[in-house]
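**Student:** One file is attached below, upload-v7.txt, containing compact mmCIF, N, CA and C atoms.
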```txt
# COMPACT_ATOMS: atom_id res chain seq x y z
N PRO O 1 115.76 105.89 149.39
CA PRO O 1 115.94 104.44 149.37
C PRO O 1 117.03 104.04 148.37
N ILE O 2 117.79 103.07 148.75
CA ILE O 2 118.80 102.51 147.87
C ILE O 2 118.54 101.01 147.78
N ASP O 3 118.41 100.51 146.57
CA ASP O 3 118.19 99.09 146.35
C ASP O 3 119.42 98.54 145.64
N THR O 4 120.13 97.65 146.30
CA THR O 4 121.36 97.13 145.72
C THR O 4 121.49 95.63 145.98
N GLN O 5 122.04 94.95 145.02
CA GLN O 5 122.33 93.53 145.18
C GLN O 5 123.82 93.30 145.41
N THR O 6 124.59 94.38 145.54
CA THR O 6 126.03 94.23 145.73
C THR O 6 126.36 93.50 147.03
N VAL O 7 125.43 93.50 147.97
CA VAL O 7 125.66 92.79 149.22
C VAL O 7 125.87 91.29 148.98
N LEU O 8 125.33 90.79 147.88
CA LEU O 8 125.47 89.37 147.56
C LEU O 8 126.72 89.05 146.74
N THR O 9 127.05 89.91 145.81
CA THR O 9 128.07 89.56 144.84
C THR O 9 129.34 90.40 144.91
N ARG O 10 129.21 91.63 145.33
CA ARG O 10 130.38 92.52 145.37
C ARG O 10 130.43 93.21 146.73
N THR O 11 130.83 92.44 147.72
CA THR O 11 130.77 92.96 149.10
C THR O 11 131.67 94.16 149.30
N ASP O 12 132.79 94.25 148.59
CA ASP O 12 133.64 95.44 148.71
C ASP O 12 132.92 96.68 148.20
N ASP O 13 132.17 96.54 147.11
CA ASP O 13 131.38 97.67 146.60
C ASP O 13 130.29 98.05 147.59
N PHE O 14 129.69 97.06 148.22
CA PHE O 14 128.67 97.35 149.23
C PHE O 14 129.28 98.14 150.39
N ARG O 15 130.45 97.71 150.85
CA ARG O 15 131.13 98.42 151.94
C ARG O 15 131.47 99.85 151.54
N LYS O 16 131.90 100.05 150.30
CA LYS O 16 132.22 101.40 149.82
C LYS O 16 130.96 102.26 149.77
N THR O 17 129.86 101.68 149.35
CA THR O 17 128.60 102.42 149.32
C THR O 17 128.21 102.88 150.72
N ILE O 18 128.33 101.99 151.69
CA ILE O 18 128.00 102.35 153.07
C ILE O 18 128.94 103.43 153.58
N GLN O 19 130.20 103.35 153.23
CA GLN O 19 131.17 104.36 153.65
C GLN O 19 130.81 105.73 153.06
N ILE O 20 130.44 105.76 151.79
CA ILE O 20 130.03 107.01 151.14
C ILE O 20 128.81 107.58 151.84
N LEU O 21 127.83 106.73 152.13
CA LEU O 21 126.63 107.18 152.83
C LEU O 21 126.96 107.72 154.21
N ASP O 22 127.90 107.10 154.88
CA ASP O 22 128.28 107.53 156.22
C ASP O 22 128.87 108.94 156.19
N GLU O 23 129.56 109.27 155.12
CA GLU O 23 130.20 110.58 155.01
C GLU O 23 129.25 111.66 154.49
N TRP O 24 128.10 111.26 153.96
CA TRP O 24 127.16 112.21 153.38
C TRP O 24 126.22 112.74 154.45
N ASN O 25 125.97 114.03 154.46
CA ASN O 25 125.10 114.65 155.45
C ASN O 25 123.65 114.76 154.99
N GLY O 26 123.28 114.08 153.93
CA GLY O 26 121.95 114.18 153.37
C GLY O 26 120.88 113.36 154.09
N PHE O 27 121.27 112.63 155.11
CA PHE O 27 120.30 111.86 155.89
C PHE O 27 120.88 111.60 157.28
N ASP O 28 120.02 111.14 158.18
CA ASP O 28 120.48 110.96 159.56
C ASP O 28 120.24 109.59 160.15
N ILE O 29 119.71 108.66 159.38
CA ILE O 29 119.51 107.29 159.87
C ILE O 29 119.55 106.33 158.68
N LEU O 30 120.05 105.13 158.93
CA LEU O 30 120.11 104.11 157.90
C LEU O 30 119.33 102.89 158.39
N ILE O 31 118.41 102.43 157.56
CA ILE O 31 117.61 101.25 157.89
C ILE O 31 117.82 100.21 156.80
N PHE O 32 118.42 99.09 157.18
CA PHE O 32 118.58 97.97 156.27
C PHE O 32 117.31 97.13 156.34
N GLN O 33 116.99 96.45 155.25
CA GLN O 33 115.84 95.55 155.32
C GLN O 33 116.06 94.30 154.49
N LEU O 34 115.42 93.24 154.93
CA LEU O 34 115.47 91.95 154.24
C LEU O 34 114.08 91.34 154.32
N ALA O 35 113.51 91.07 153.17
CA ALA O 35 112.17 90.47 153.10
C ALA O 35 112.31 89.00 152.71
N TYR O 36 112.29 88.14 153.68
CA TYR O 36 112.52 86.71 153.45
C TYR O 36 111.57 86.11 152.42
N ASP O 37 110.30 86.43 152.54
CA ASP O 37 109.31 85.81 151.65
C ASP O 37 109.34 86.39 150.24
N LEU O 38 110.05 87.48 150.04
CA LEU O 38 110.08 88.12 148.72
C LEU O 38 111.47 88.13 148.10
N MET O 39 112.35 87.29 148.58
CA MET O 39 113.74 87.35 148.11
C MET O 39 113.92 86.87 146.68
N GLY O 40 112.96 86.16 146.13
CA GLY O 40 113.01 85.82 144.72
C GLY O 40 113.91 84.66 144.35
N PHE O 41 114.21 83.78 145.28
CA PHE O 41 114.98 82.60 144.93
C PHE O 41 114.47 81.43 145.75
N ASP O 42 114.87 80.26 145.35
CA ASP O 42 114.44 79.04 146.00
C ASP O 42 114.94 79.00 147.45
N HIS O 43 114.03 78.89 148.38
CA HIS O 43 114.41 78.95 149.79
C HIS O 43 115.23 77.75 150.24
N LYS O 44 114.99 76.61 149.61
CA LYS O 44 115.80 75.44 149.98
C LYS O 44 117.26 75.66 149.63
N SER O 45 117.53 76.13 148.43
CA SER O 45 118.93 76.38 148.06
C SER O 45 119.49 77.58 148.82
N SER O 46 118.65 78.58 149.10
CA SER O 46 119.17 79.74 149.83
C SER O 46 119.57 79.35 151.25
N THR O 47 118.85 78.40 151.83
CA THR O 47 119.22 77.92 153.16
C THR O 47 120.51 77.13 153.11
N GLU O 48 120.66 76.29 152.08
CA GLU O 48 121.88 75.50 151.93
C GLU O 48 123.11 76.39 151.76
N PHE O 49 122.97 77.48 151.01
CA PHE O 49 124.09 78.38 150.76
C PHE O 49 124.13 79.54 151.74
N ASN O 50 123.15 79.61 152.64
CA ASN O 50 123.06 80.64 153.66
C ASN O 50 123.10 82.06 153.08
N ILE O 51 122.33 82.28 152.03
CA ILE O 51 122.32 83.59 151.38
C ILE O 51 121.81 84.67 152.33
N SER O 52 120.69 84.43 152.99
CA SER O 52 120.17 85.45 153.89
C SER O 52 121.13 85.67 155.06
N GLY O 53 121.79 84.62 155.52
CA GLY O 53 122.76 84.78 156.60
C GLY O 53 123.90 85.69 156.20
N HIS O 54 124.36 85.55 154.96
CA HIS O 54 125.41 86.41 154.44
C HIS O 54 124.94 87.87 154.42
N ILE O 55 123.72 88.08 153.95
CA ILE O 55 123.17 89.44 153.88
C ILE O 55 123.06 90.03 155.29
N VAL O 56 122.52 89.26 156.23
CA VAL O 56 122.36 89.75 157.60
C VAL O 56 123.71 90.08 158.23
N LYS O 57 124.70 89.24 158.01
CA LYS O 57 126.03 89.52 158.56
C LYS O 57 126.63 90.79 157.97
N MET O 58 126.41 91.03 156.68
CA MET O 58 126.88 92.27 156.07
C MET O 58 126.15 93.48 156.65
N MET O 59 124.85 93.33 156.90
CA MET O 59 124.08 94.42 157.52
C MET O 59 124.62 94.74 158.91
N ILE O 60 124.87 93.70 159.70
CA ILE O 60 125.38 93.88 161.06
C ILE O 60 126.75 94.55 161.01
N GLU O 61 127.63 94.05 160.16
CA GLU O 61 128.96 94.65 160.03
C GLU O 61 128.86 96.13 159.65
N SER O 62 128.01 96.41 158.68
CA SER O 62 127.85 97.79 158.21
C SER O 62 127.26 98.68 159.30
N ALA O 63 126.28 98.17 160.01
CA ALA O 63 125.67 98.96 161.09
C ALA O 63 126.68 99.28 162.18
N LYS O 64 127.53 98.33 162.50
CA LYS O 64 128.53 98.55 163.55
C LYS O 64 129.59 99.57 163.12
N ASN O 65 129.87 99.65 161.83
CA ASN O 65 130.89 100.57 161.33
C ASN O 65 130.32 101.91 160.89
N PHE O 66 129.03 102.09 161.03
CA PHE O 66 128.34 103.30 160.58
C PHE O 66 128.26 104.28 161.74
N SER O 67 128.54 105.54 161.51
CA SER O 67 128.57 106.51 162.61
C SER O 67 127.19 107.06 162.96
N LYS O 68 126.23 106.90 162.08
CA LYS O 68 124.87 107.40 162.33
C LYS O 68 124.01 106.25 162.84
N PRO O 69 122.86 106.57 163.44
CA PRO O 69 121.97 105.51 163.93
C PRO O 69 121.55 104.56 162.81
N THR O 70 121.48 103.30 163.14
CA THR O 70 121.05 102.29 162.18
C THR O 70 120.04 101.35 162.82
N ALA O 71 119.25 100.74 161.96
CA ALA O 71 118.30 99.71 162.39
C ALA O 71 118.24 98.67 161.28
N ILE O 72 117.76 97.51 161.65
CA ILE O 72 117.58 96.44 160.68
C ILE O 72 116.13 95.97 160.74
N VAL O 73 115.51 95.86 159.57
CA VAL O 73 114.17 95.31 159.47
C VAL O 73 114.28 93.95 158.79
N LEU O 74 113.95 92.92 159.53
CA LEU O 74 113.85 91.57 158.98
C LEU O 74 112.36 91.28 158.88
N HIS O 75 111.82 91.47 157.70
CA HIS O 75 110.38 91.29 157.53
C HIS O 75 109.98 89.88 157.95
N TYR O 76 109.00 89.82 158.78
CA TYR O 76 108.53 88.57 159.37
C TYR O 76 108.32 87.51 158.28
N ALA O 77 108.90 86.37 158.48
CA ALA O 77 108.80 85.27 157.51
C ALA O 77 107.53 84.47 157.76
N THR O 78 106.75 84.28 156.72
CA THR O 78 105.52 83.50 156.86
C THR O 78 105.65 82.11 156.28
N LEU O 79 106.65 81.90 155.44
CA LEU O 79 106.85 80.57 154.87
C LEU O 79 107.49 79.66 155.91
N PRO O 80 106.90 78.50 156.16
CA PRO O 80 107.43 77.61 157.20
C PRO O 80 108.90 77.24 157.01
N GLU O 81 109.32 77.05 155.76
CA GLU O 81 110.70 76.64 155.52
C GLU O 81 111.70 77.77 155.77
N VAL O 82 111.24 78.98 155.97
CA VAL O 82 112.12 80.13 156.18
C VAL O 82 112.07 80.62 157.63
N TYR O 83 111.03 80.24 158.35
CA TYR O 83 110.79 80.80 159.68
C TYR O 83 111.97 80.56 160.64
N GLN O 84 112.53 79.37 160.67
CA GLN O 84 113.64 79.07 161.57
C GLN O 84 114.85 79.95 161.25
N THR O 85 115.12 80.11 159.97
CA THR O 85 116.23 80.98 159.55
C THR O 85 115.98 82.40 160.01
N TYR O 86 114.76 82.89 159.83
CA TYR O 86 114.38 84.23 160.28
C TYR O 86 114.67 84.39 161.78
N CYS O 87 114.24 83.42 162.58
CA CYS O 87 114.44 83.49 164.04
C CYS O 87 115.93 83.52 164.40
N GLU O 88 116.71 82.69 163.76
CA GLU O 88 118.15 82.64 164.05
C GLU O 88 118.84 83.95 163.66
N GLU O 89 118.47 84.49 162.52
CA GLU O 89 119.12 85.71 162.06
C GLU O 89 118.64 86.93 162.85
N ARG O 90 117.41 86.91 163.29
CA ARG O 90 116.93 87.98 164.17
C ARG O 90 117.72 87.96 165.47
N ARG O 91 117.99 86.78 166.00
CA ARG O 91 118.78 86.64 167.23
C ARG O 91 120.18 87.20 167.03
N LEU O 92 120.79 86.96 165.86
CA LEU O 92 122.12 87.52 165.56
C LEU O 92 122.09 89.04 165.65
N CYS O 93 121.07 89.64 165.06
CA CYS O 93 120.95 91.11 165.08
C CYS O 93 120.77 91.62 166.50
N LEU O 94 119.88 91.00 167.25
CA LEU O 94 119.62 91.43 168.62
C LEU O 94 120.86 91.26 169.49
N ASP O 95 121.55 90.14 169.34
CA ASP O 95 122.77 89.90 170.11
C ASP O 95 123.87 90.90 169.76
N SER O 96 123.80 91.47 168.56
CA SER O 96 124.78 92.47 168.14
C SER O 96 124.45 93.86 168.68
N GLY O 97 123.28 93.98 169.31
CA GLY O 97 122.90 95.27 169.89
C GLY O 97 122.30 96.25 168.90
N ILE O 98 121.83 95.76 167.79
CA ILE O 98 121.27 96.62 166.75
C ILE O 98 119.75 96.57 166.84
N ALA O 99 119.13 97.75 166.79
CA ALA O 99 117.67 97.82 166.81
C ALA O 99 117.14 97.02 165.64
N THR O 100 116.28 96.05 165.92
CA THR O 100 115.79 95.12 164.90
C THR O 100 114.27 95.05 164.99
N PHE O 101 113.63 95.13 163.84
CA PHE O 101 112.17 95.16 163.78
C PHE O 101 111.67 94.15 162.75
N SER O 102 110.40 93.78 162.86
CA SER O 102 109.82 92.81 161.94
C SER O 102 109.05 93.46 160.80
N SER O 103 108.98 94.79 160.78
CA SER O 103 108.36 95.50 159.66
C SER O 103 108.87 96.93 159.64
N MET O 104 108.80 97.55 158.48
CA MET O 104 109.20 98.94 158.36
C MET O 104 108.26 99.82 159.18
N ASP O 105 106.99 99.44 159.24
CA ASP O 105 106.02 100.17 160.04
C ASP O 105 106.41 100.16 161.52
N ASN O 106 106.78 99.00 162.04
CA ASN O 106 107.21 98.92 163.45
C ASN O 106 108.47 99.75 163.70
N ALA O 107 109.40 99.74 162.75
CA ALA O 107 110.61 100.54 162.89
C ALA O 107 110.27 102.03 162.91
N ALA O 108 109.41 102.46 162.00
CA ALA O 108 109.03 103.87 161.94
C ALA O 108 108.31 104.31 163.22
N LYS O 109 107.42 103.48 163.73
CA LYS O 109 106.72 103.82 164.97
C LYS O 109 107.70 103.95 166.14
N ALA O 110 108.62 103.02 166.26
CA ALA O 110 109.59 103.06 167.36
C ALA O 110 110.49 104.28 167.26
N ILE O 111 110.94 104.59 166.08
CA ILE O 111 111.80 105.76 165.89
C ILE O 111 111.02 107.03 166.20
N SER O 112 109.79 107.10 165.73
CA SER O 112 108.94 108.27 166.00
C SER O 112 108.71 108.45 167.50
N ARG O 113 108.42 107.35 168.19
CA ARG O 113 108.20 107.43 169.64
C ARG O 113 109.46 107.86 170.38
N TYR O 114 110.60 107.38 169.93
CA TYR O 114 111.87 107.76 170.54
C TYR O 114 112.10 109.27 170.36
N ILE O 115 111.87 109.77 169.16
CA ILE O 115 112.07 111.20 168.89
C ILE O 115 111.11 112.03 169.74
N GLU O 116 109.85 111.62 169.80
CA GLU O 116 108.87 112.34 170.64
C GLU O 116 109.30 112.36 172.10
N TYR O 117 109.77 111.25 172.62
CA TYR O 117 110.25 111.17 173.99
C TYR O 117 111.44 112.09 174.20
N TYR O 118 112.39 112.02 173.28
CA TYR O 118 113.60 112.84 173.39
C TYR O 118 113.25 114.33 173.39
N GLU O 119 112.32 114.71 172.51
CA GLU O 119 111.91 116.12 172.45
C GLU O 119 111.23 116.58 173.74
N LYS O 120 110.50 115.68 174.40
CA LYS O 120 109.85 116.03 175.67
C LYS O 120 110.83 116.23 176.80
N ILE O 121 111.89 115.46 176.82
CA ILE O 121 112.82 115.54 177.96
C ILE O 121 113.92 116.58 177.77
N THR O 122 114.02 117.15 176.57
CA THR O 122 115.06 118.16 176.34
C THR O 122 114.49 119.54 176.26
```
Show how you would write the structure in this file as structure tokens.
**Tutor:**
Amino acid sequence: PIDTQTVLTRTDDFRKTIQILDEWNGFDILIFQLAYDLMGFDHKSSTEFNISGHIVKMMIESAKNFSKPTAIVLHYATLPEVYQTYCEERRLCLDSGIATFSSMDNAAKAISRYIEYYEKIT
């Protein structure tokens, strides 16, 4: 796991980190995640400045430029003031063709089922 806030403040550093990871053979899948209800800032101001939208767009850009499989987990938003934003940003991910899940558990189950299926047919 890598926990970084560079996606918010130093986008060039974030892009460099993703590029380094893409060239490293130490793993075979990248899963980005965003937990709306745990982001740690005022949701009213985050909506006004579109902080989560910026993060999601960086995730999408990175996933598209990454040579290994990627997925995005947008943890289901339970706060009413965040739910609409969650829905809109989930639609952005889906429209971009990136596997998108509402929990890490759902992502892990889907990936596991895909691997099991692939192993059966090969």
**Student:** Write out as an NGL selection string the residues lying within 8 Å of segment 93-105 of chain O, counting only C-alpha atoms and excluding same-chain residues fewer than 5 positions away.
**Tutor:** :O and (56 or 60 or 63 or 70-76)
**Student:** Enumerate the residues of segment 53-104 of chain O with a DSSP assignment of strand (DSSP E), computed from the backbone, and present them as a PyMOL selection string.
**Tutor:** chain O and resi 70-75+99-101
**Student:** As an exercise, work out the distance from atom CA of Cys87 of chain O to atom C of Gly53 of chain O in Å and give it to one decimal place.
**Tutor:**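 Interatomic distance, atom CA of Cys87 of chain O to atom C of Gly53 of chain O: 12.5 Å.
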**Student:** Record the distance separating atom N of Ala110 of chain O and atom CA of Ile29 of chain O, expressed in Å with one decimal.
**Tutor:**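 Interatomic distance, atom N of Ala110 of chain O to atom CA of Ile29 of chain O: 13.3 Å.
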**Student:** From segment 29-99 of chain O, collect each residue whose DSSP state is alpha helix (DSSP H) and return the set as number ranges by chain.
**Tutor:** O: 43-49, 51-65, 80-95
**Student:** Give me, please, the distance in Å between atom CA of Leu21 of chain O and atom CA of Ala35 of chain O, quoted to one decimal.
**Tutor:**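 So the two atoms, atom CA of Leu21 of chain O and atom CA of Ala35 of chain O, lie 22.1 Å apart.
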**Student:** Point out the residue among O:Phe27, O:Glu81, O:His54, O:Glu119 with the least atom-to-atom distance to Pro69 of chain O, counting only C-alpha atoms.
**Tutor:**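 For Pro69 of chain O, the nearest of the given residues is O:Phe27.
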**Student:** Can you sort out the box for segment 17-35 of chain O, edges along x, y and z, all listed atoms in, 3 Å on every side, with centre and edge lengths in Å to one decimal, as JSON?
**Tutor:**
```
{"center_x": 121.7, "center_y": 101.9, "center_z": 154.7, "size_x": 25.0, "size_y": 31.8, "size_z": 16.8}
```
**Student:** Pick out the residues sitting within 7 Å of Lys68 of chain O, and hand them over as a PyMOL selection string; count only N, CA and C atoms, and ignore anything fewer than 2 positions along from it in its own chain.
**Tutor:** chain O and resi 22+28-30+65-66+70
**Student:** Since fewer atoms than expected are present, regenerate all heavy atoms for segment 90-101 of chain O and write them as an mmCIF file, in the frame of the given file.
**Tutor:**
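Output file selection_35.cif is given in full below:
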```cif
data_model
loop_
_atom_site.group_PDB
_atom_site.id
_atom_site.type_symbol
_atom_site.label_atom_id
_atom_site.label_comp_id
_atom_site.auth_asym_id
_atom_site.auth_seq_id
_atom_site.Cartn_x
_atom_site.Cartn_y
_atom_site.Cartn_z
ATOM 1 N N ARG O 90 117.410 86.910 163.290
ATOM 2 C CA ARG O 90 116.930 87.980 164.170
ATOM 3 C C ARG O 90 117.720 87.960 165.470
ATOM 4 O O ARG O 90 118.118 89.000 165.992
ATOM 5 C CB ARG O 90 115.435 87.800 164.429
ATOM 6 C CG ARG O 90 114.840 88.856 165.339
ATOM 7 C CD ARG O 90 113.321 88.716 165.403
ATOM 8 N NE ARG O 90 112.747 89.471 166.468
ATOM 9 C CZ ARG O 90 112.501 90.772 166.442
ATOM 10 N NH1 ARG O 90 112.814 91.462 165.364
ATOM 11 N NH2 ARG O 90 111.965 91.395 167.466
ATOM 12 N N ARG O 91 117.990 86.780 166.000
ATOM 13 C CA ARG O 91 118.780 86.640 167.230
ATOM 14 C C ARG O 91 120.180 87.200 167.030
ATOM 15 O O ARG O 91 120.723 87.864 167.903
ATOM 16 C CB ARG O 91 118.823 85.168 167.661
ATOM 17 C CG ARG O 91 119.709 84.848 168.847
ATOM 18 C CD ARG O 91 119.442 85.580 170.141
ATOM 19 N NE ARG O 91 118.054 85.659 170.508
ATOM 20 C CZ ARG O 91 117.549 86.638 171.278
ATOM 21 N NH1 ARG O 91 118.313 87.577 171.771
ATOM 22 N NH2 ARG O 91 116.284 86.666 171.565
ATOM 23 N N LEU O 92 120.790 86.960 165.860
ATOM 24 C CA LEU O 92 122.120 87.520 165.560
ATOM 25 C C LEU O 92 122.090 89.040 165.650
ATOM 26 O O LEU O 92 122.994 89.654 166.221
ATOM 27 C CB LEU O 92 122.569 87.118 164.153
ATOM 28 C CG LEU O 92 123.153 85.743 163.936
ATOM 29 C CD1 LEU O 92 123.434 85.533 162.448
ATOM 30 C CD2 LEU O 92 124.438 85.580 164.726
ATOM 31 N N CYS O 93 121.070 89.640 165.060
ATOM 32 C CA CYS O 93 120.950 91.110 165.080
ATOM 33 C C CYS O 93 120.770 91.620 166.500
ATOM 34 O O CYS O 93 121.447 92.574 166.917
ATOM 35 C CB CYS O 93 119.773 91.561 164.223
ATOM 36 S SG CYS O 93 119.977 91.236 162.461
ATOM 37 N N LEU O 94 119.880 91.000 167.250
ATOM 38 C CA LEU O 94 119.620 91.430 168.620
ATOM 39 C C LEU O 94 120.860 91.260 169.490
ATOM 40 O O LEU O 94 121.199 92.143 170.287
ATOM 41 C CB LEU O 94 118.436 90.671 169.196
ATOM 42 C CG LEU O 94 117.087 90.950 168.514
ATOM 43 C CD1 LEU O 94 116.029 89.985 169.026
ATOM 44 C CD2 LEU O 94 116.654 92.386 168.721
ATOM 45 N N ASP O 95 121.550 90.140 169.340
ATOM 46 C CA ASP O 95 122.770 89.900 170.110
ATOM 47 C C ASP O 95 123.870 90.900 169.760
ATOM 48 O O ASP O 95 124.759 91.164 170.564
ATOM 49 C CB ASP O 95 123.284 88.475 169.903
ATOM 50 C CG ASP O 95 122.401 87.429 170.573
ATOM 51 O OD1 ASP O 95 121.535 87.802 171.403
ATOM 52 O OD2 ASP O 95 122.579 86.236 170.259
ATOM 53 N N SER O 96 123.800 91.470 168.560
ATOM 54 C CA SER O 96 124.780 92.470 168.140
ATOM 55 C C SER O 96 124.450 93.860 168.680
ATOM 56 O O SER O 96 125.210 94.795 168.476
ATOM 57 C CB SER O 96 124.843 92.529 166.610
ATOM 58 O OG SER O 96 125.301 91.305 166.111
ATOM 59 N N GLY O 97 123.280 93.980 169.310
ATOM 60 C CA GLY O 97 122.900 95.270 169.890
ATOM 61 C C GLY O 97 122.300 96.250 168.900
ATOM 62 O O GLY O 97 122.245 97.454 169.166
ATOM 63 N N ILE O 98 121.830 95.760 167.790
ATOM 64 C CA ILE O 98 121.270 96.620 166.750
ATOM 65 C C ILE O 98 119.750 96.570 166.840
ATOM 66 O O ILE O 98 119.157 95.500 166.951
ATOM 67 C CB ILE O 98 121.749 96.175 165.355
ATOM 68 C CG1 ILE O 98 123.278 96.275 165.297
ATOM 69 C CG2 ILE O 98 121.107 97.009 164.258
ATOM 70 C CD1 ILE O 98 123.892 95.559 164.136
ATOM 71 N N ALA O 99 119.130 97.750 166.790
ATOM 72 C CA ALA O 99 117.670 97.820 166.810
ATOM 73 C C ALA O 99 117.140 97.020 165.640
ATOM 74 O O ALA O 99 117.518 97.251 164.489
ATOM 75 C CB ALA O 99 117.210 99.270 166.727
ATOM 76 N N THR O 100 116.280 96.050 165.920
ATOM 77 C CA THR O 100 115.790 95.120 164.900
ATOM 78 C C THR O 100 114.270 95.050 164.990
ATOM 79 O O THR O 100 113.713 94.913 166.076
ATOM 80 C CB THR O 100 116.407 93.727 165.108
ATOM 81 O OG1 THR O 100 117.829 93.862 165.135
ATOM 82 C CG2 THR O 100 116.023 92.780 163.992
ATOM 83 N N PHE O 101 113.630 95.130 163.840
ATOM 84 C CA PHE O 101 112.170 95.160 163.780
ATOM 85 C C PHE O 101 111.670 94.150 162.750
ATOM 86 O O PHE O 101 112.414 93.758 161.852
ATOM 87 C CB PHE O 101 111.701 96.568 163.395
ATOM 88 C CG PHE O 101 112.195 97.620 164.343
ATOM 89 C CD1 PHE O 101 113.378 98.300 164.083
ATOM 90 C CD2 PHE O 101 111.510 97.906 165.504
ATOM 91 C CE1 PHE O 101 113.859 99.260 164.962
ATOM 92 C CE2 PHE O 101 111.980 98.869 166.394
ATOM 93 C CZ PHE O 101 113.158 99.549 166.117
#
```
